[in-house]
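Undergrad: Here's a structure for you.
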Amino acid sequence: MSATSGATISRGCRLEIEGLAKNYGDVAAISDVTLTVPPGALITLLGPSGCGKTTLMRSIAGFVSPDRGRIALDGRDLLALPPERRSTAMLFQNYSLFPHMTVAANVGFGLRMHGVRRAEAEPRIAEALRLTRIAELADRHPGQLSGGQQQRVALARALVTRPDILLLDEPFGALDQSLREEVQIELRKLQQSLGITTLVVTHDQLEALTLSDLVAVMNAGRIEQIGPPIEIYDRPNTAFVAKFMGVENLVPVRLGARDGDRMRVAAGSLEALVRLHTTAGVVDSAILAVRADAVEIASPGEPGTVAARIAFATNRGSSALYEVTTDDGQNLQASEDRRGGTLRALGSRVGVRLRGEACCLVTG
Ligand SMILES: Nc1ncnc2c1ncn2[C@@H]1O[C@H](COP(=O)(O)OP(=O)(O)OP(=O)(O)O)[C@@H](O)[C@H]1O
Ligand SMILES: [Mg+2]
């Protein structure tokens, strides 16, 4: 990974977590979490509220003591070290900026805590402000900043300590959608140029896809699937992951004949030839994950389609989203490019077919 900016370059540490568990009374906040983040990679932890994302992050930072397991940075045992010696920096959702301090003082706070002398601290603060593009705000107070600017201050404060691991817990939660997308891209560029191994917590699947080298989808304290974003998007292993990655239709299917790496499946009168992925166990499953754009809408009676009617129609900008009901009672969400046209009429007759190559068998 290339690095462009002098002293802040991180050598990029490998983070290894093995069998990590933390219980609060009867609640297993995390159970048996194992993952490896390669040097300089960005991993997002994605999952519903309460699934253990913050607990995992706080365990790495040292604010939570796990009951079992191991955390190592480049082979060094982290759990043996107190938080201040772990060389991690964590950015909290509410940023926790000090309202009575200027931006520069907020950014320099961690350095003062570490006893870094003023002569050394000043250029480092200036560099962090420059990297996050807020140099001109150095003398303002947090109350005089927009949400996006406060977010940059919090990021500068995390970077200024030159951490080996950057931990960002829902860093964009307080920003509106368009600013969020802009800041996501900016963070990704900065993280890549600095080469800092980074963990980001999010609820938002699109954010995870935008930012990550790796996505870990968590469910009830466990990692349900981990992999590159495109793999998680295209080939979820379980119905939970599929749903979390925005798959609109989870259709119980009967498994039919196998043909090489493909298998025929059927749900009522709907049939599809789907590719089997090598993942063990999937062959026994009987749920088909079908994105709305894998349901093709054709003219009624077209060969290879099943008779259906449009039960609901709504506009999604460049595409239309429909609910179609087949004559034998299957409900499916289907999306279609509008190509500048209007929506199909409610109640109109159509034919539908599944694009098998875009569907995926998952376990329940
Ligand atoms: N200090 C604590 N004491 C007791 N229970 C806790 C504590 N911290 C977390 N928990 C519980 O552990 C589970 C995981 O919490 P955690 O904060 O890690 O979830 P999360 O995935 O970050 O959720 P969110 O998306 O809402 O932030 C939850 O059931 C939570 O109630
Ligand atoms: Mg949390």
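Identifiers in the structure tokens: chain A, B, ... in order shown; residue index from 1 per chain; ligand index from 1 in order shown.
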Against ligand 2, which residues of chain A fall within 9 Å? For each one I want the closest pair of atoms and the distance in Å (one decimal), counting only C-alpha atoms and all ligand atoms, rows by chain and increasing residue number, as a Markdown table.

TA:
| residue | atom | partner | partner_atom_place_in_ligand_line | distance |
| --- | --- | --- | --- | --- |
| A:Ser49 | CA | ligand 2 | 1 (Mg) | 6.9 |
| A:Gly50 | CA | ligand 2 | 1 (Mg) | 6.9 |
| A:Cys51 | CA | ligand 2 | 1 (Mg) | 8.3 |
| A:Gly52 | CA | ligand 2 | 1 (Mg) | 7.1 |
| A:Lys53 | CA | ligand 2 | 1 (Mg) | 5.6 |
| A:Thr54 | CA | ligand 2 | 1 (Mg) | 4.1 |
| A:Thr55 | CA | ligand 2 | 1 (Mg) | 7.3 |
| A:Met57 | CA | ligand 2 | 1 (Mg) | 8.8 |
| A:Gln93 | CA | ligand 2 | 1 (Mg) | 8.6 |
| A:Asp169 | CA | ligand 2 | 1 (Mg) | 6.8 |
| A:Glu170 | CA | ligand 2 | 1 (Mg) | 7.6 |
| A:Val201 | CA | ligand 2 | 1 (Mg) | 7.5 |
| A:Thr202 | CA | ligand 2 | 1 (Mg) | 8.5 |

Undergrad: Output N, CA and C atoms for every residue in that selection, as a CSV table (one decimal), in the first residue's frame.

TA:
chain,number,residue,atom,x,y,z
A,49,SER,N,-28.4,-3.7,15.8
A,49,SER,CA,-28.2,-3.2,17.2
A,49,SER,C,-28.0,-4.3,18.2
A,50,GLY,N,-27.0,-4.2,19.0
A,50,GLY,CA,-26.9,-5.2,20.1
A,50,GLY,C,-26.1,-6.4,19.7
A,51,CYS,N,-25.6,-6.5,18.5
A,51,CYS,CA,-24.9,-7.8,18.1
A,51,CYS,C,-23.5,-7.9,18.5
A,52,GLY,N,-23.0,-6.8,19.2
A,52,GLY,CA,-21.6,-6.9,19.8
A,52,GLY,C,-20.5,-6.1,19.1
A,53,LYS,N,-20.9,-5.2,18.2
A,53,LYS,CA,-19.9,-4.5,17.4
A,53,LYS,C,-19.0,-3.6,18.3
A,54,THR,N,-19.7,-2.8,19.2
A,54,THR,CA,-19.0,-1.9,20.0
A,54,THR,C,-18.1,-2.7,21.1
A,55,THR,N,-18.7,-3.8,21.6
A,55,THR,CA,-18.0,-4.6,22.6
A,55,THR,C,-16.7,-5.1,22.0
A,57,MET,N,-15.0,-3.8,19.5
A,57,MET,CA,-14.1,-2.7,19.3
A,57,MET,C,-13.4,-2.2,20.6
A,93,GLN,N,-19.0,7.6,18.4
A,93,GLN,CA,-20.1,8.1,17.6
A,93,GLN,C,-20.4,9.6,17.9
A,169,ASP,N,-16.2,3.9,15.6
A,169,ASP,CA,-17.5,3.3,15.9
A,169,ASP,C,-18.6,4.2,15.4
A,170,GLU,N,-19.2,3.8,14.3
A,170,GLU,CA,-20.3,4.5,13.6
A,170,GLU,C,-19.8,6.0,13.4
A,201,VAL,N,-17.3,0.4,12.5
A,201,VAL,CA,-18.6,-0.1,12.8
A,201,VAL,C,-19.6,0.6,12.1
A,202,THR,N,-20.5,-0.1,11.5
A,202,THR,CA,-21.7,0.5,10.8
A,202,THR,C,-22.9,-0.4,10.9

Undergrad: List as a PyMOL selection string the protein and nucleic acid residues near Gly221 of chain A, meaning an atom at most 9 Å away when only C-alpha atoms are counted, but skip any in the same chain fewer than 3 places from it.

TA: chain A and resi 21-22+28-33+50-53+56+218

Undergrad: Could the residues in this selection be saved with N, CA, C and O atoms as a PDB file, in the first residue's frame?

TA:
ATOM      1  N   ALA A  21     -14.427 -13.792  23.570  1.00  0.00           N
ATOM      2  CA  ALA A  21     -15.776 -13.863  24.157  1.00  0.00           C
ATOM      3  C   ALA A  21     -15.881 -12.886  25.311  1.00  0.00           C
ATOM      4  O   ALA A  21     -14.917 -12.648  26.042  1.00  0.00           O
ATOM      5  N   LYS A  22     -17.069 -12.287  25.430  1.00  0.00           N
ATOM      6  CA  LYS A  22     -17.342 -11.407  26.563  1.00  0.00           C
ATOM      7  C   LYS A  22     -18.812 -11.544  26.959  1.00  0.00           C
ATOM      8  O   LYS A  22     -19.709 -11.368  26.141  1.00  0.00           O
ATOM      9  N   ALA A  28     -24.427 -12.822  26.298  1.00  0.00           N
ATOM     10  CA  ALA A  28     -23.156 -13.039  25.600  1.00  0.00           C
ATOM     11  C   ALA A  28     -23.004 -11.908  24.588  1.00  0.00           C
ATOM     12  O   ALA A  28     -23.585 -11.960  23.515  1.00  0.00           O
ATOM     13  N   ALA A  29     -22.263 -10.860  24.966  1.00  0.00           N
ATOM     14  CA  ALA A  29     -22.116  -9.710  24.058  1.00  0.00           C
ATOM     15  C   ALA A  29     -21.330 -10.110  22.814  1.00  0.00           C
ATOM     16  O   ALA A  29     -21.690  -9.750  21.695  1.00  0.00           O
ATOM     17  N   ILE A  30     -20.236 -10.849  23.001  1.00  0.00           N
ATOM     18  CA  ILE A  30     -19.558 -11.504  21.871  1.00  0.00           C
ATOM     19  C   ILE A  30     -19.194 -12.929  22.264  1.00  0.00           C
ATOM     20  O   ILE A  30     -18.829 -13.202  23.404  1.00  0.00           O
ATOM     21  N   SER A  31     -19.318 -13.842  21.302  1.00  0.00           N
ATOM     22  CA  SER A  31     -19.005 -15.248  21.563  1.00  0.00           C
ATOM     23  C   SER A  31     -18.111 -15.775  20.461  1.00  0.00           C
ATOM     24  O   SER A  31     -18.497 -15.766  19.300  1.00  0.00           O
ATOM     25  N   ASP A  32     -16.935 -16.199  20.831  1.00  0.00           N
ATOM     26  CA  ASP A  32     -16.074 -16.920  19.911  1.00  0.00           C
ATOM     27  C   ASP A  32     -15.823 -16.168  18.597  1.00  0.00           C
ATOM     28  O   ASP A  32     -16.030 -16.717  17.516  1.00  0.00           O
ATOM     29  N   VAL A  33     -15.396 -14.927  18.711  1.00  0.00           N
ATOM     30  CA  VAL A  33     -15.090 -14.138  17.511  1.00  0.00           C
ATOM     31  C   VAL A  33     -13.641 -14.381  17.089  1.00  0.00           C
ATOM     32  O   VAL A  33     -12.715 -14.221  17.881  1.00  0.00           O
ATOM     33  N   GLY A  50     -27.030  -4.193  19.043  1.00  0.00           N
ATOM     34  CA  GLY A  50     -26.869  -5.177  20.113  1.00  0.00           C
ATOM     35  C   GLY A  50     -26.116  -6.431  19.721  1.00  0.00           C
ATOM     36  O   GLY A  50     -25.981  -7.349  20.531  1.00  0.00           O
ATOM     37  N   CYS A  51     -25.571  -6.503  18.493  1.00  0.00           N
ATOM     38  CA  CYS A  51     -24.922  -7.756  18.056  1.00  0.00           C
ATOM     39  C   CYS A  51     -23.476  -7.856  18.541  1.00  0.00           C
ATOM     40  O   CYS A  51     -22.828  -8.882  18.337  1.00  0.00           O
ATOM     41  N   GLY A  52     -22.957  -6.813  19.192  1.00  0.00           N
ATOM     42  CA  GLY A  52     -21.635  -6.928  19.793  1.00  0.00           C
ATOM     43  C   GLY A  52     -20.540  -6.128  19.116  1.00  0.00           C
ATOM     44  O   GLY A  52     -19.359  -6.255  19.473  1.00  0.00           O
ATOM     45  N   LYS A  53     -20.881  -5.243  18.201  1.00  0.00           N
ATOM     46  CA  LYS A  53     -19.879  -4.501  17.432  1.00  0.00           C
ATOM     47  C   LYS A  53     -19.024  -3.615  18.335  1.00  0.00           C
ATOM     48  O   LYS A  53     -17.797  -3.639  18.275  1.00  0.00           O
ATOM     49  N   LEU A  56     -16.748  -5.561  20.717  1.00  0.00           N
ATOM     50  CA  LEU A  56     -15.547  -6.065  20.047  1.00  0.00           C
ATOM     51  C   LEU A  56     -14.513  -4.947  19.905  1.00  0.00           C
ATOM     52  O   LEU A  56     -13.324  -5.116  20.209  1.00  0.00           O
ATOM     53  N   MET A 218     -22.060  -9.443  11.579  1.00  0.00           N
ATOM     54  CA  MET A 218     -22.220 -10.035  12.912  1.00  0.00           C
ATOM     55  C   MET A 218     -23.692 -10.269  13.236  1.00  0.00           C
ATOM     56  O   MET A 218     -24.561  -9.498  12.837  1.00  0.00           O
TER      57      MET A 218
END

Undergrad: Can you tell me which residues surround Gly256 of chain A at a distance of at most 9 Å, considering only C-alpha atoms, apart from same-chain residues fewer than 6 positions away, and format the answer as a PyMOL selection string?

TA: chain A and resi 263-266

Undergrad: Quick one: of A:Met113, A:Val217, A:Leu209, A:Val160, who's nearest to ligand 1, counting only C-alpha atoms and all ligand atoms?

TA: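 Closest residue, counting only C-alpha atoms and all ligand atoms: A:Val217.
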
Undergrad: If we count only C-alpha atoms and set the cut-off at 12 Å, which residues sit around Ile230 of chain A, ignoring sequence neighbours fewer than 2 positions away in its own chain? Please answer as a ChimeraX atom specification.

TA: /A:205-206,208-215,226-228,232-236,245

Undergrad: Between A:Gly147, A:Ile196, A:Val352, A:Asn237, which residue has the minimum interatomic distance to Gln330 of chain A, considering only C-alpha atoms?

TA: A:Val352

Undergrad: Please run DSSP on the backbone and report, as a ChimeraX atom specification, all residues within segment 132-335 of chain A that come out as alpha helix (DSSP H).

TA: /A:147-159,177-194,205-211,229-234,239-244

Undergrad: Would you pick out the contacts of Ala242 of chain A at 12 Å or less, using only C-alpha atoms, so that residues sharing its chain but fewer than 5 positions from it are not included, and give the list as a PyMOL selection string?

TA: chain A and resi 47+205+217+224-225+231-237+247-251+287-291+359-364

Undergrad: Could you tell me which of A:Leu91, A:Ala220, A:Leu155, A:Val324 comes closest to ligand 1 if we count only C-alpha atoms and all ligand atoms?

TA: A:Ala220
